[in-house]
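Peer 1: If it helps, the file is called query-v8.txt and holds compact mmCIF, C-alpha atoms:
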```txt
# COMPACT_ATOMS: atom_id res chain seq x y z
CA MET N 1 0.00 0.00 0.00
CA ARG N 2 1.43 3.40 -0.99
CA ASP N 3 1.92 6.21 1.56
CA GLY N 4 -0.91 8.26 0.03
CA GLU N 5 -3.29 5.33 0.36
CA ILE N 6 -2.29 4.85 4.01
CA ASP N 7 -2.89 8.55 4.71
CA SER N 8 -6.27 8.41 2.99
CA PHE N 9 -7.32 5.42 5.07
CA ILE N 10 -6.27 7.11 8.30
CA ALA N 11 -8.02 10.32 7.27
CA SER N 12 -11.39 8.63 6.85
CA ASP N 13 -10.71 6.53 9.95
CA LEU N 14 -10.81 9.75 11.99
CA LEU N 15 -14.58 9.67 11.43
CA ARG N 16 -15.11 6.66 13.65
CA TYR N 17 -18.46 6.65 15.42
CA ARG N 18 -18.43 7.77 19.05
CA LYS N 19 -20.49 5.52 21.27
CA ASN N 20 -22.76 6.48 24.17
CA LEU N 21 -23.19 10.10 23.17
CA PRO N 22 -25.61 12.08 25.40
CA TRP N 23 -28.35 12.61 22.82
CA LYS N 24 -31.30 14.71 23.94
CA ARG N 25 -34.79 13.25 23.71
CA GLU N 26 -36.26 16.34 22.08
CA ILE N 27 -35.41 16.54 18.37
CA ILE N 28 -35.82 19.64 16.27
CA SER N 29 -35.74 18.88 12.58
CA PRO N 30 -32.83 20.67 10.92
CA GLY N 31 -33.83 22.95 8.07
CA CYS N 32 -33.06 22.13 4.47
CA TRP N 33 -30.76 25.12 4.24
CA GLU N 34 -29.00 25.08 7.61
CA ARG N 35 -25.52 24.13 6.42
CA PRO N 36 -22.29 26.12 6.10
CA TYR N 37 -21.70 24.93 2.52
CA LEU N 38 -23.25 22.65 -0.06
CA ILE N 39 -21.04 20.21 -1.94
CA ASP N 40 -22.49 19.02 -5.23
CA ASN N 41 -20.74 16.17 -7.02
CA HIS N 42 -21.47 12.63 -8.12
CA ILE N 43 -20.65 11.33 -4.62
CA THR N 44 -23.17 13.53 -2.80
CA ARG N 45 -25.82 13.03 -5.49
CA ALA N 46 -25.42 9.24 -5.46
CA TYR N 47 -25.49 9.20 -1.67
CA ALA N 48 -28.73 11.20 -1.58
CA GLU N 49 -30.31 8.92 -4.18
CA ASN N 50 -29.25 5.79 -2.29
CA ARG N 51 -30.72 7.18 0.91
CA ARG N 52 -34.02 7.86 -0.84
CA MET N 53 -34.07 4.29 -2.13
CA GLU N 54 -33.31 2.90 1.33
CA GLU N 55 -36.07 5.03 2.82
CA SER N 56 -38.52 4.44 -0.03
CA ARG N 57 -40.88 2.23 1.99
CA GLU N 58 -41.04 4.66 4.92
CA LEU N 59 -41.41 7.62 2.56
CA ALA N 60 -44.27 5.90 0.73
CA THR N 61 -46.05 5.15 4.01
CA LEU N 62 -45.73 8.76 5.14
CA ARG N 63 -46.82 10.03 1.73
CA ASP N 64 -49.93 7.84 1.87
CA ALA N 65 -50.79 9.28 5.28
CA VAL N 66 -50.40 12.83 3.96
CA GLU N 67 -52.47 12.00 0.88
CA ARG N 68 -55.27 10.68 3.08
CA GLU N 69 -55.36 13.98 4.95
CA LEU N 70 -55.32 15.97 1.70
CA ALA N 71 -58.07 13.81 0.18
CA HIS N 72 -60.70 15.85 2.04
CA TYR N 73 -59.81 19.00 0.08
CA PRO N 74 -61.38 20.13 -3.20
CA ALA N 75 -59.57 18.62 -6.20
CA ALA N 76 -57.57 21.74 -7.15
CA LYS N 77 -56.40 22.34 -3.58
CA GLN N 78 -55.54 18.67 -3.16
CA ARG N 79 -53.39 18.67 -6.32
CA LEU N 80 -51.59 21.84 -5.21
CA TRP N 81 -50.63 20.59 -1.78
CA LEU N 82 -49.76 17.10 -2.93
CA ALA N 83 -47.37 18.62 -5.48
CA GLU N 84 -45.85 20.78 -2.75
CA TYR N 85 -45.39 17.78 -0.48
CA ARG N 86 -43.73 15.75 -3.22
CA PHE N 87 -41.37 18.67 -3.82
CA MET N 88 -40.43 18.89 -0.14
CA GLU N 89 -39.94 15.13 -0.16
CA LYS N 90 -37.01 15.66 -2.53
CA LEU N 91 -35.29 18.06 -0.12
CA MET N 92 -35.68 16.17 3.15
CA SER N 93 -34.81 12.84 4.64
CA PHE N 94 -37.54 10.61 6.03
CA ARG N 95 -36.76 11.72 9.59
CA GLN N 96 -37.02 15.38 8.63
CA LEU N 97 -40.28 14.78 6.78
CA ALA N 98 -41.79 12.81 9.64
CA ILE N 99 -41.15 15.77 11.95
CA TYR N 100 -42.23 18.35 9.37
CA ALA N 101 -45.38 16.64 8.05
CA PRO N 102 -47.78 17.82 10.82
CA ALA N 103 -46.73 21.45 10.27
CA PHE N 104 -47.14 20.96 6.52
CA LEU N 105 -50.69 19.68 6.96
CA THR N 106 -51.54 22.59 9.25
CA LEU N 107 -50.18 24.97 6.63
CA SER N 108 -52.28 23.31 3.94
CA ARG N 109 -55.39 24.09 5.95
CA VAL N 110 -54.69 27.76 6.64
CA MET N 111 -52.56 29.11 3.77
CA PRO N 112 -54.48 30.23 0.65
CA ARG N 113 -53.05 29.44 -2.76
CA LYS N 114 -52.66 33.13 -3.59
CA MET N 115 -50.56 33.71 -0.47
CA ILE N 116 -48.15 30.94 -1.47
CA PHE N 117 -47.43 32.48 -4.85
CA CYS N 118 -47.34 36.06 -3.56
CA ARG N 119 -44.74 35.18 -0.95
CA ARG N 120 -42.72 33.24 -3.49
CA GLU N 121 -42.70 36.28 -5.75
CA VAL N 122 -41.44 38.40 -2.85
CA VAL N 123 -38.62 35.93 -2.14
CA HIS N 124 -37.77 35.66 -5.85
CA ARG N 125 -37.50 39.43 -6.22
CA TYR N 126 -35.47 39.72 -3.04
CA LEU N 127 -32.93 37.20 -4.30
CA LYS N 128 -32.66 39.05 -7.62
CA LEU N 129 -31.60 42.19 -5.74
CA HIS N 130 -28.38 40.45 -4.74
CA SER N 131 -25.46 39.72 -7.03
CA LEU N 132 -25.36 35.95 -6.76
CA GLN N 133 -23.25 34.08 -9.29
CA ARG N 134 -25.75 32.78 -11.83
CA THR N 135 -24.23 29.36 -12.36
CA PRO N 136 -26.56 26.44 -13.15
CA PHE N 137 -25.97 25.09 -9.64
CA VAL N 138 -26.83 28.40 -7.94
CA GLU N 139 -29.85 28.89 -10.18
CA LYS N 140 -31.14 25.47 -9.13
CA LEU N 141 -30.58 26.31 -5.47
CA CYS N 142 -32.48 29.58 -5.90
CA ARG N 143 -35.46 27.83 -7.48
CA GLN N 144 -35.52 25.27 -4.69
CA PHE N 145 -35.27 27.92 -1.99
CA VAL N 146 -37.96 30.15 -3.48
CA ARG N 147 -40.39 27.26 -3.62
CA SER N 148 -39.56 25.73 -0.24
CA SER N 149 -39.03 28.88 1.83
CA VAL N 150 -42.70 29.85 2.07
CA LEU N 151 -43.48 26.35 3.35
CA LEU N 152 -40.70 26.40 5.93
CA TYR N 153 -40.60 29.91 7.35
CA PRO N 154 -43.28 32.29 8.67
CA ALA N 155 -43.69 35.61 6.89
CA GLU N 156 -41.74 37.55 9.54
CA SER N 157 -38.72 35.24 9.09
CA LEU N 158 -38.62 35.07 5.29
CA VAL N 159 -36.14 37.91 4.77
CA LEU N 160 -33.81 36.60 7.48
CA ALA N 161 -33.99 33.11 5.97
CA ALA N 162 -33.35 34.56 2.50
CA ASP N 163 -30.29 36.43 3.79
CA LYS N 164 -28.89 33.20 5.23
CA PHE N 165 -29.61 31.41 1.97
CA ILE N 166 -27.84 34.14 -0.03
CA ARG N 167 -24.73 33.62 2.08
CA LEU N 168 -25.02 29.85 1.65
CA ALA N 169 -25.42 30.13 -2.13
CA SER N 170 -22.54 32.61 -2.39
CA ARG N 171 -20.22 30.39 -0.40
CA SER N 172 -21.29 27.29 -2.34
CA ALA N 173 -21.10 28.81 -5.83
CA ASP N 174 -17.53 27.62 -6.41
CA GLN N 175 -17.84 23.86 -6.77
CA SER N 176 -14.27 23.33 -7.97
CA LYS N 177 -12.69 20.07 -6.89
CA LYS N 178 -9.86 21.87 -5.09
CA LEU N 179 -12.18 23.96 -2.92
CA SER N 180 -14.63 21.13 -2.27
CA ARG N 181 -11.71 18.94 -1.20
CA HIS N 182 -10.59 21.56 1.32
CA ARG N 183 -14.15 21.95 2.64
CA VAL N 184 -14.31 18.22 3.31
CA ALA N 185 -10.97 18.46 5.13
CA ILE N 186 -12.42 21.22 7.33
CA LEU N 187 -15.51 19.14 8.04
CA LEU N 188 -13.41 16.12 8.94
CA ARG N 189 -11.14 18.16 11.20
CA SER N 190 -14.22 19.73 12.81
CA HIS N 191 -15.63 16.31 13.67
CA GLN N 192 -12.31 15.23 15.08
CA MET N 193 -12.13 18.31 17.35
CA MET N 194 -15.78 18.44 18.49
CA SER N 195 -16.66 17.46 22.02
CA ASP N 196 -19.42 14.92 22.59
CA ALA N 197 -21.77 17.73 23.65
CA GLU N 198 -21.00 19.73 20.49
CA ILE N 199 -21.74 16.73 18.29
CA CYS N 200 -25.09 16.21 20.01
CA GLU N 201 -25.98 19.89 19.69
CA ARG N 202 -25.09 20.07 16.01
CA PHE N 203 -26.64 16.81 14.80
CA GLN N 204 -29.50 16.45 17.32
CA CYS N 205 -29.89 12.70 16.95
CA GLU N 206 -27.83 9.59 16.29
CA GLU N 207 -29.35 8.91 12.87
CA ILE N 208 -28.39 12.32 11.45
CA TYR N 209 -24.91 11.95 12.95
CA LEU N 210 -24.39 8.51 11.40
CA ASP N 211 -25.65 9.79 8.05
CA GLU N 212 -23.11 12.61 8.15
CA LEU N 213 -20.26 10.26 9.06
CA ALA N 214 -21.10 7.88 6.21
CA LEU N 215 -21.16 10.66 3.62
CA LEU N 216 -17.95 12.27 4.90
CA THR N 217 -16.18 8.92 4.80
CA LYS N 218 -17.06 8.54 1.12
CA LEU N 219 -15.96 12.11 0.37
CA ALA N 220 -12.69 11.72 2.28
CA ASP N 221 -11.89 8.58 0.30
CA TYR N 222 -12.94 10.19 -3.00
CA TYR N 223 -10.70 13.23 -2.47
CA ARG N 224 -7.87 11.05 -1.09
CA LEU N 225 -7.45 13.31 1.91
CA THR N 226 -4.18 12.91 3.78
CA LEU N 227 -3.32 13.58 7.40
CA ASP N 228 -1.53 16.74 6.30
CA ASP N 229 -4.67 17.99 4.52
CA ILE N 230 -6.65 17.59 7.72
CA PHE N 231 -4.29 18.64 10.48
CA LYS N 232 -3.16 21.81 8.72
CA VAL N 233 -6.73 23.15 9.05
CA SER N 234 -6.66 25.93 11.65
CA VAL N 235 -9.15 26.69 14.39
CA GLU N 236 -9.82 30.04 12.70
CA GLU N 237 -10.77 28.27 9.47
CA ILE N 238 -13.13 25.98 11.35
CA ASN N 239 -14.79 28.88 13.14
CA ARG N 240 -15.30 30.78 9.87
CA PHE N 241 -16.57 27.64 8.18
CA TRP N 242 -19.33 27.06 10.72
CA ASP N 243 -20.30 30.71 11.10
CA ILE N 244 -23.28 30.88 8.74
CA GLN N 245 -23.49 34.63 9.42
CA TYR N 246 -20.01 35.11 7.90
```
Can the structure in the file be given as structure tokens, please?

Peer 2:
Amino acid sequence: MRDGEIDSFIASDLLRYRKNLPWKREIISPGCWERPYLIDNHITRAYAENRRMEESRELATLRDAVERELAHYPAAKQRLWLAEYRFMEKLMSFRQLAIYAPAFLTLSRVMPRKMIFCRREVVHRYLKLHSLQRTPFVEKLCRQFVRSSVLLYPAESLVLAADKFIRLASRSADQSKKLSRHRVAILLRSHQMMSDAEICERFQCEEIYLDELALLTKLADYYRLTLDDIFKVSVEEINRFWDIQY
């Protein structure tokens, strides 16, 4: 085995699962957009698709339950909200959807169709006021955020959520392999330095934590991260990385 291969193995091995973490009983579903960066490549896309396939039975059961609730609506309203649910299904894991579904159904009862599209237009115009890089990836993110934001955030929080999204999209616009590789190194170093309490606070439950570890392991192997790549990451870099206000 070559030295680089040994380093790569040790790098991903830093992501070993920590046992007996003090998880809290109360779980708050993380938002779709609450991340410091988004990494878009064939590894992350394949991982997301595999997760959807693994969760397909649970997702179908939850979807059936939502459809039964929506079946009481007039046909046009039923089609609208079913389409919105299927869209949100693409952005969330089963766990996130299971927590979010009751709020979604409440929203379907109280939010008029016109309000949905008016708020989306407001968000769309607000995003256009900012000089985001108009790459295909960023354009896709913007479309997803405009559609999902009005279903996730109350009116008084929309602008704040949009501001956070703008920072996320700006930071994620450069999807070059070099920069994505360094971001994964920062993530891996962050995990290695986090206390047990910090891990529980950030990931909220064991399932989300394990999901993150599995994806990072694949990314670390894909980018052939070495020990030098990881341990040269400074505390200042880590703090900036996780500061979503930055």

Peer 1: Nearest to Met92 of chain N: which of N:Leu215, N:Cys32, N:Val66, N:Arg79 is it, counting only C-alpha atoms?

Peer 2: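 Closest residue, counting only C-alpha atoms: N:Cys32.
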
Peer 1: Residues at most 12 Å from Phe145 of chain N, counting all atoms listed in the file, excluding those fewer than 3 positions away in the same chain, as a ChimeraX atom specification?

Peer 2: /N:31-34,87-88,91,119-121,123-124,126-127,138-142,148-153,158,161-166,168-169

Peer 1: Mind giving me the straight-line distance from atom CA of Glu198 of chain N to atom CA of Ala220 of chain N in Å, one decimal?

Peer 2: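 Going from atom CA of Glu198 of chain N over to atom CA of Ala220 of chain N, I get 21.6 Å.
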
Peer 1: Would you please work out which residue, of N:Leu179, N:Leu129, N:Val184, N:Ala98, is nearest to Asp221 of chain N when using only C-alpha atoms?

Peer 2: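 Among the listed residues, the smallest separation from Asp221 of chain N belongs to N:Val184.
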
Peer 1: Give the answer as one residue: which of N:Leu38, N:Leu80, N:Ala214, N:Met53 has the shortest atom-to-atom distance to Tyr17 of chain N, using only C-alpha atoms?

Peer 2: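 The closest residue to Tyr17 of chain N is N:Ala214.
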
Peer 1: Given 5 Å on each side, where is the centre and what are the edge lengths in Å to one decimal of the axis-aligned box enclosing the listed atoms of segment 47-62 of chain N, as AutoDock Vina command-line options?

Peer 2:
```
--center_x -35.8 --center_y 6.7 --center_z 0.5 --size_x 30.6 --size_y 19.0 --size_z 19.3
```

Peer 1: Go through N:Arg202, N:Arg57, N:Arg109, N:Lys128 and flag the residue nearest Leu70 of chain N, using all atoms listed in the file for the distances.

Peer 2: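 Smallest separation from Leu70 of chain N among the options: N:Arg109.
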